[in-house]
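S.K.: Let me begin by handing over the structure; questions about it come next.
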Amino acid sequence: YDDHSNLYASVSQSFRNPLVDEFFVSKYDFGFGPGGGLNTELMPQKANNYEVGIRHSVNQQFALNLCGYRMNIKDEIYLEPSTFTNTNYDKTVRQGVECGAQVKLNERVKLSAEYAFIDAYFNGGMYDKKRIPAVPVHTWRAGTELTLTTGLALSVFSNYVGERYFISDQTNVLPRMAAYMTIDAKLTFTKNNYSLFAGINNIFGEEYYEYGAANYNRTIKNYYPAPERNFIIAGTI
């Protein structure tokens with residue numbers, strides 16, 4: 001509806017075959033599983049996807065975007081902790097809203113922010129209306145990009161991930177994993193078709209965990225700590 005703005009809508013279908021290791025059943029199953037071999041009952045994962053949104057440029061300095069989506073998933077693949085075997089949920093739903101804003105203060109300074117709300121739940125079956133584990137309801141990212149000189153830029157971003165249930169806690173009986181926020185910085189040098197960048201992730205050494213899993217009867221919680229402050233140097237040609 002404008003040279004730099006548009007409305008859009010999409011309807012699509014997606015399909016995922018099980019991975020090789022998802023088909024495989026370990027024989028070290030502690031007496032709970034089928035005892036090794038191939039899991040021939042595992043079905044492909046299918047989904048119907050719907051999305052509608054808008055990208056709007058207020059002017060050359062300010063732009064907004066907003067979209068809503070829904071995914072109706074059939075046979076979503078997951079690891080069942082009571083049998084140590086990958087299997088399928090019946091029906092699940094993932095729906096939500098994503099929005100963002102970009103501001104160009106001048107030729108050297110850009111600001112941006114993104115937010116996502118995710119409503120992920122089981123649709124029918126023994127876990128009906130329970131939330132899908134490991135999916136946070138709220139996430140956001142915000143920061144700035146500074147052009148220091150020709151070919152040299154600095155970006156600093158904060159990243160937030162909200163509370164979510166432990167993997168394998170389909171009944172939602174355990175307290176949720178804690179939310180966390182990290183701040184990352186990256187310095188990038190670009191010339192012609194070459195680029196080199198150096199970054200610091202989790203600048204303030206936040207102690208947190210991205211993933212956590214419960215045992216088969218939801219009595220033990222296992223944590224997988226994320227890296228504290230860490231550094232990266234890389235280049236592209």
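Residues are referred to by chain and number: the chain letter is A, B, ... according to the order shown in the structure tokens, the number counts from 1 in that chain, and ligands are numbered separately from 1 in the order shown.
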Would you please extract all strand (DSSP E) residues from stretch 49-215 of chain A, as assigned by DSSP on the backbone, and give them as a VMD selection string?
M.R.: chain A and resid 49 to 57 62 to 74 77 to 80 85 to 88 91 to 104 109 to 122 138 to 149 152 to 161 180 to 191 194 to 201 209 to 214
S.K.: Smallest atom-to-atom distance to A:Ile73: which of A:Leu42, A:Val93, A:Val137, A:Ile203, using only C-alpha atoms?
M.R.: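 The answer is A:Val93, which sits nearest to A:Ile73.
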S.K.: If you count only C-alpha atoms, which residues fall within 10 Å of A:Gly124, apart from same-chain ones fewer than 3 positions away, as number ranges by chain?
M.R.: A: 89-92, 121, 127-130
S.K.: Using only C-alpha atoms for the distances, tell me which of A:Gly212, A:Met126, A:Lys221, A:Phe197 is nearest to A:Ala234.
M.R.: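 Closest residue, counting only C-alpha atoms: A:Phe197.
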S.K.: Between A:Arg94, A:Lys110, A:Arg164, A:Arg16, which is the closest to A:Ile77 once you count only C-alpha atoms?
M.R.: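 Of A:Arg94, A:Lys110, A:Arg164, A:Arg16, the one nearest A:Ile77 is A:Arg16, counting only C-alpha atoms.
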S.K.: Using only C-alpha atoms, which of the listed residues (A:Ser195, A:Thr139, A:Asn215, A:Thr188) sits closest to A:Ala116?
M.R.: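 Selected residue with least distance to A:Ala116: A:Thr139.
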S.K.: Which residues, written as a VMD selection string, have at least one atom at most 12 Å from A:Phe231, with only C-alpha atoms counted and residues fewer than 2 positions away on the same chain left out?
M.R.: chain A and resid 184 to 187 197 to 203 205 227 to 229 233 to 234
S.K.: I need the residues from that last selection saved to file as an mmCIF file, in the first residue's frame (with C-alpha atoms), if you can.
M.R.:
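Here's the written file selection_28.cif:
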data_model
loop_
_atom_site.group_PDB
_atom_site.id
_atom_site.type_symbol
_atom_site.label_atom_id
_atom_site.label_comp_id
_atom_site.auth_asym_id
_atom_site.auth_seq_id
_atom_site.Cartn_x
_atom_site.Cartn_y
_atom_site.Cartn_z
ATOM 1 C CA ASP A 184 26.268 -9.268 23.876
ATOM 2 C CA ALA A 185 28.589 -6.971 21.922
ATOM 3 C CA LYS A 186 30.206 -7.351 18.501
ATOM 4 C CA LEU A 187 32.749 -5.282 16.584
ATOM 5 C CA PHE A 197 34.325 -9.602 13.594
ATOM 6 C CA ALA A 198 35.111 -10.054 17.285
ATOM 7 C CA GLY A 199 32.420 -10.463 19.903
ATOM 8 C CA ILE A 200 31.784 -10.869 23.600
ATOM 9 C CA ASN A 201 28.736 -12.906 24.547
ATOM 10 C CA ASN A 202 27.146 -12.626 27.992
ATOM 11 C CA ILE A 203 29.334 -9.638 28.882
ATOM 12 C CA GLY A 205 28.832 -13.318 33.104
ATOM 13 C CA PRO A 227 28.371 -20.458 28.968
ATOM 14 C CA GLU A 228 29.182 -17.439 31.096
ATOM 15 C CA ARG A 229 31.256 -14.679 29.495
ATOM 16 C CA ILE A 233 36.528 -14.113 16.525
ATOM 17 C CA ALA A 234 35.587 -15.016 12.957
#
S.K.: Please indicate the distance in Å from atom CA of A:Ile220 to atom CA of A:Ala120, rounded to one decimal place.
M.R.: 23.7 Å
S.K.: Skip A:Glu80 itself and residues of its chain fewer than 2 positions away, then list as a short mmCIF file (atom, residue, chain, number, x, y, z; two decimals) with N, CA, C and O atoms, in the first residue's frame all residues within 12 Å of it, counting only C-alpha atoms.
M.R.:
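Just written: result-v3.cif:
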data_model
loop_
_atom_site.label_atom_id
_atom_site.label_comp_id
_atom_site.auth_asym_id
_atom_site.auth_seq_id
_atom_site.Cartn_x
_atom_site.Cartn_y
_atom_site.Cartn_z
N GLU A 22 16.41 -40.26 15.82
CA GLU A 22 15.08 -40.32 16.41
C GLU A 22 14.40 -41.65 16.12
O GLU A 22 13.59 -42.14 16.92
N VAL A 25 16.20 -46.76 18.63
CA VAL A 25 15.83 -47.00 20.03
C VAL A 25 17.01 -47.65 20.72
O VAL A 25 17.49 -48.71 20.31
N ASP A 29 17.82 -49.36 27.97
CA ASP A 29 16.57 -48.69 28.31
C ASP A 29 16.14 -48.95 29.74
O ASP A 29 15.04 -48.59 30.13
N PHE A 32 12.58 -50.27 30.53
CA PHE A 32 11.34 -49.54 30.26
C PHE A 32 10.96 -49.54 28.78
O PHE A 32 9.80 -49.40 28.43
N GLY A 33 11.94 -49.63 27.91
CA GLY A 33 11.66 -49.46 26.49
C GLY A 33 11.61 -50.78 25.74
O GLY A 33 11.67 -51.86 26.33
N LEU A 42 7.07 -44.42 14.79
CA LEU A 42 7.27 -42.97 14.78
C LEU A 42 6.80 -42.38 13.46
O LEU A 42 7.21 -42.80 12.38
N GLU A 76 3.68 -34.02 16.40
CA GLU A 76 4.94 -33.39 16.78
C GLU A 76 5.83 -34.41 17.49
O GLU A 76 5.40 -35.13 18.38
N ILE A 77 7.09 -34.48 17.09
CA ILE A 77 8.03 -35.49 17.60
C ILE A 77 8.64 -35.02 18.92
O ILE A 77 9.06 -33.87 19.05
N TYR A 78 8.70 -35.92 19.89
CA TYR A 78 9.32 -35.61 21.17
C TYR A 78 9.86 -36.89 21.79
O TYR A 78 9.50 -38.00 21.39
N SER A 82 9.59 -41.77 29.88
CA SER A 82 9.25 -43.02 30.57
C SER A 82 9.68 -44.25 29.79
O SER A 82 9.82 -45.34 30.35
N THR A 83 9.89 -44.11 28.47
CA THR A 83 10.31 -45.24 27.64
C THR A 83 11.64 -45.01 26.93
O THR A 83 12.14 -45.91 26.25
N PHE A 84 12.21 -43.80 27.07
CA PHE A 84 13.46 -43.43 26.40
C PHE A 84 13.34 -43.59 24.89
O PHE A 84 14.28 -43.98 24.20
N THR A 85 12.15 -43.30 24.37
CA THR A 85 11.86 -43.49 22.95
C THR A 85 11.21 -42.23 22.37
O THR A 85 10.36 -41.62 23.02
N ASN A 86 11.62 -41.84 21.16
CA ASN A 86 10.94 -40.75 20.48
C ASN A 86 9.56 -41.21 20.02
O ASN A 86 9.42 -42.32 19.48
N THR A 87 8.58 -40.35 20.22
CA THR A 87 7.22 -40.68 19.82
C THR A 87 6.52 -39.41 19.35
O THR A 87 7.18 -38.38 19.16
N ASN A 88 5.21 -39.45 19.15
CA ASN A 88 4.49 -38.31 18.61
C ASN A 88 3.41 -37.84 19.57
O ASN A 88 2.67 -38.65 20.14
N TYR A 89 3.33 -36.52 19.75
CA TYR A 89 2.13 -35.94 20.34
C TYR A 89 1.01 -36.07 19.30
O TYR A 89 1.27 -36.16 18.10
N ILE A 167 11.79 -29.58 29.98
CA ILE A 167 11.58 -30.63 29.00
C ILE A 167 11.10 -31.89 29.73
O ILE A 167 11.60 -32.23 30.80
N SER A 168 10.12 -32.57 29.18
CA SER A 168 9.48 -33.77 29.72
C SER A 168 8.46 -33.49 30.81
O SER A 168 7.87 -34.42 31.34
N ASP A 169 8.24 -32.21 31.14
CA ASP A 169 7.20 -31.88 32.12
C ASP A 169 5.92 -31.48 31.37
O ASP A 169 5.44 -30.35 31.46
N GLN A 170 5.35 -32.43 30.65
CA GLN A 170 4.13 -32.16 29.90
C GLN A 170 2.93 -31.89 30.79
O GLN A 170 1.96 -31.25 30.37
N ALA A 213 15.74 -30.47 31.94
CA ALA A 213 14.89 -31.62 31.65
C ALA A 213 14.53 -32.34 32.94
O ALA A 213 15.35 -32.43 33.87
N ALA A 214 13.31 -32.86 32.99
CA ALA A 214 12.86 -33.65 34.13
C ALA A 214 13.01 -35.13 33.82
O ALA A 214 13.04 -35.53 32.66
N ASN A 215 13.10 -35.94 34.88
CA ASN A 215 13.14 -37.38 34.66
C ASN A 215 11.74 -37.91 34.34
O ASN A 215 10.77 -37.14 34.31
N TYR A 216 11.61 -39.20 34.13
CA TYR A 216 10.36 -39.75 33.58
C TYR A 216 9.17 -39.57 34.51
O TYR A 216 8.03 -39.47 34.05
N ASN A 217 9.38 -39.54 35.84
CA ASN A 217 8.24 -39.35 36.74
C ASN A 217 8.20 -37.95 37.36
O ASN A 217 7.52 -37.72 38.34
N ARG A 218 8.96 -37.02 36.77
CA ARG A 218 8.94 -35.61 37.14
C ARG A 218 9.31 -35.37 38.60
O ARG A 218 8.77 -34.50 39.28
#
S.K.: Can you measure atom CA of A:Ala101 to atom CA of A:Cys67 for me? One decimal in Å is fine.
M.R.: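 Atom CA of A:Ala101 sits 12.4 Å away from atom CA of A:Cys67.
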S.K.: Give me, as a list of chain:residue names, all polymer residues having an atom no more than 6 Å from A:Arg70, counting only C-alpha atoms and skipping those fewer than 2 positions away in the same chain.
M.R.: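 Near A:Arg70, the qualifying residues are A:Asn49, A:Tyr50, A:Arg94, A:Gln95.
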S.K.: Which neighbours of A:Val109 fall inside 7 Å, counting only C-alpha atoms, when residues of the same chain fewer than 5 positions from it are skipped, and could you give them as JSON, numbers by chain?
M.R.: {"A": [104, 145, 146, 147]}
S.K.: For the selection just defined, write its residues with N, CA and C atoms to a file, as a PDB file, in the first residue's frame.
M.R.:
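Here's the written file result.pdb:
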ATOM      1  N   LYS A 104      16.384   5.023  13.086  1.00  0.00           N
ATOM      2  CA  LYS A 104      17.666   5.520  12.609  1.00  0.00           C
ATOM      3  C   LYS A 104      17.825   6.949  13.112  1.00  0.00           C
ATOM      4  N   GLU A 145      23.177  -0.234  17.009  1.00  0.00           N
ATOM      5  CA  GLU A 145      24.273  -0.458  16.071  1.00  0.00           C
ATOM      6  C   GLU A 145      24.918   0.894  15.791  1.00  0.00           C
ATOM      7  N   LEU A 146      26.218   0.976  16.030  1.00  0.00           N
ATOM      8  CA  LEU A 146      26.958   2.222  15.872  1.00  0.00           C
ATOM      9  C   LEU A 146      27.978   2.079  14.755  1.00  0.00           C
ATOM     10  N   THR A 147      27.948   2.986  13.786  1.00  0.00           N
ATOM     11  CA  THR A 147      28.975   3.028  12.752  1.00  0.00           C
ATOM     12  C   THR A 147      30.087   3.940  13.250  1.00  0.00           C
TER      13      THR A 147
END
S.K.: Restricting the calculation to only C-alpha atoms, which member of A:Arg131, A:His4, A:Arg176, A:Lys191 is positioned closest to A:Leu64?
M.R.: A:His4
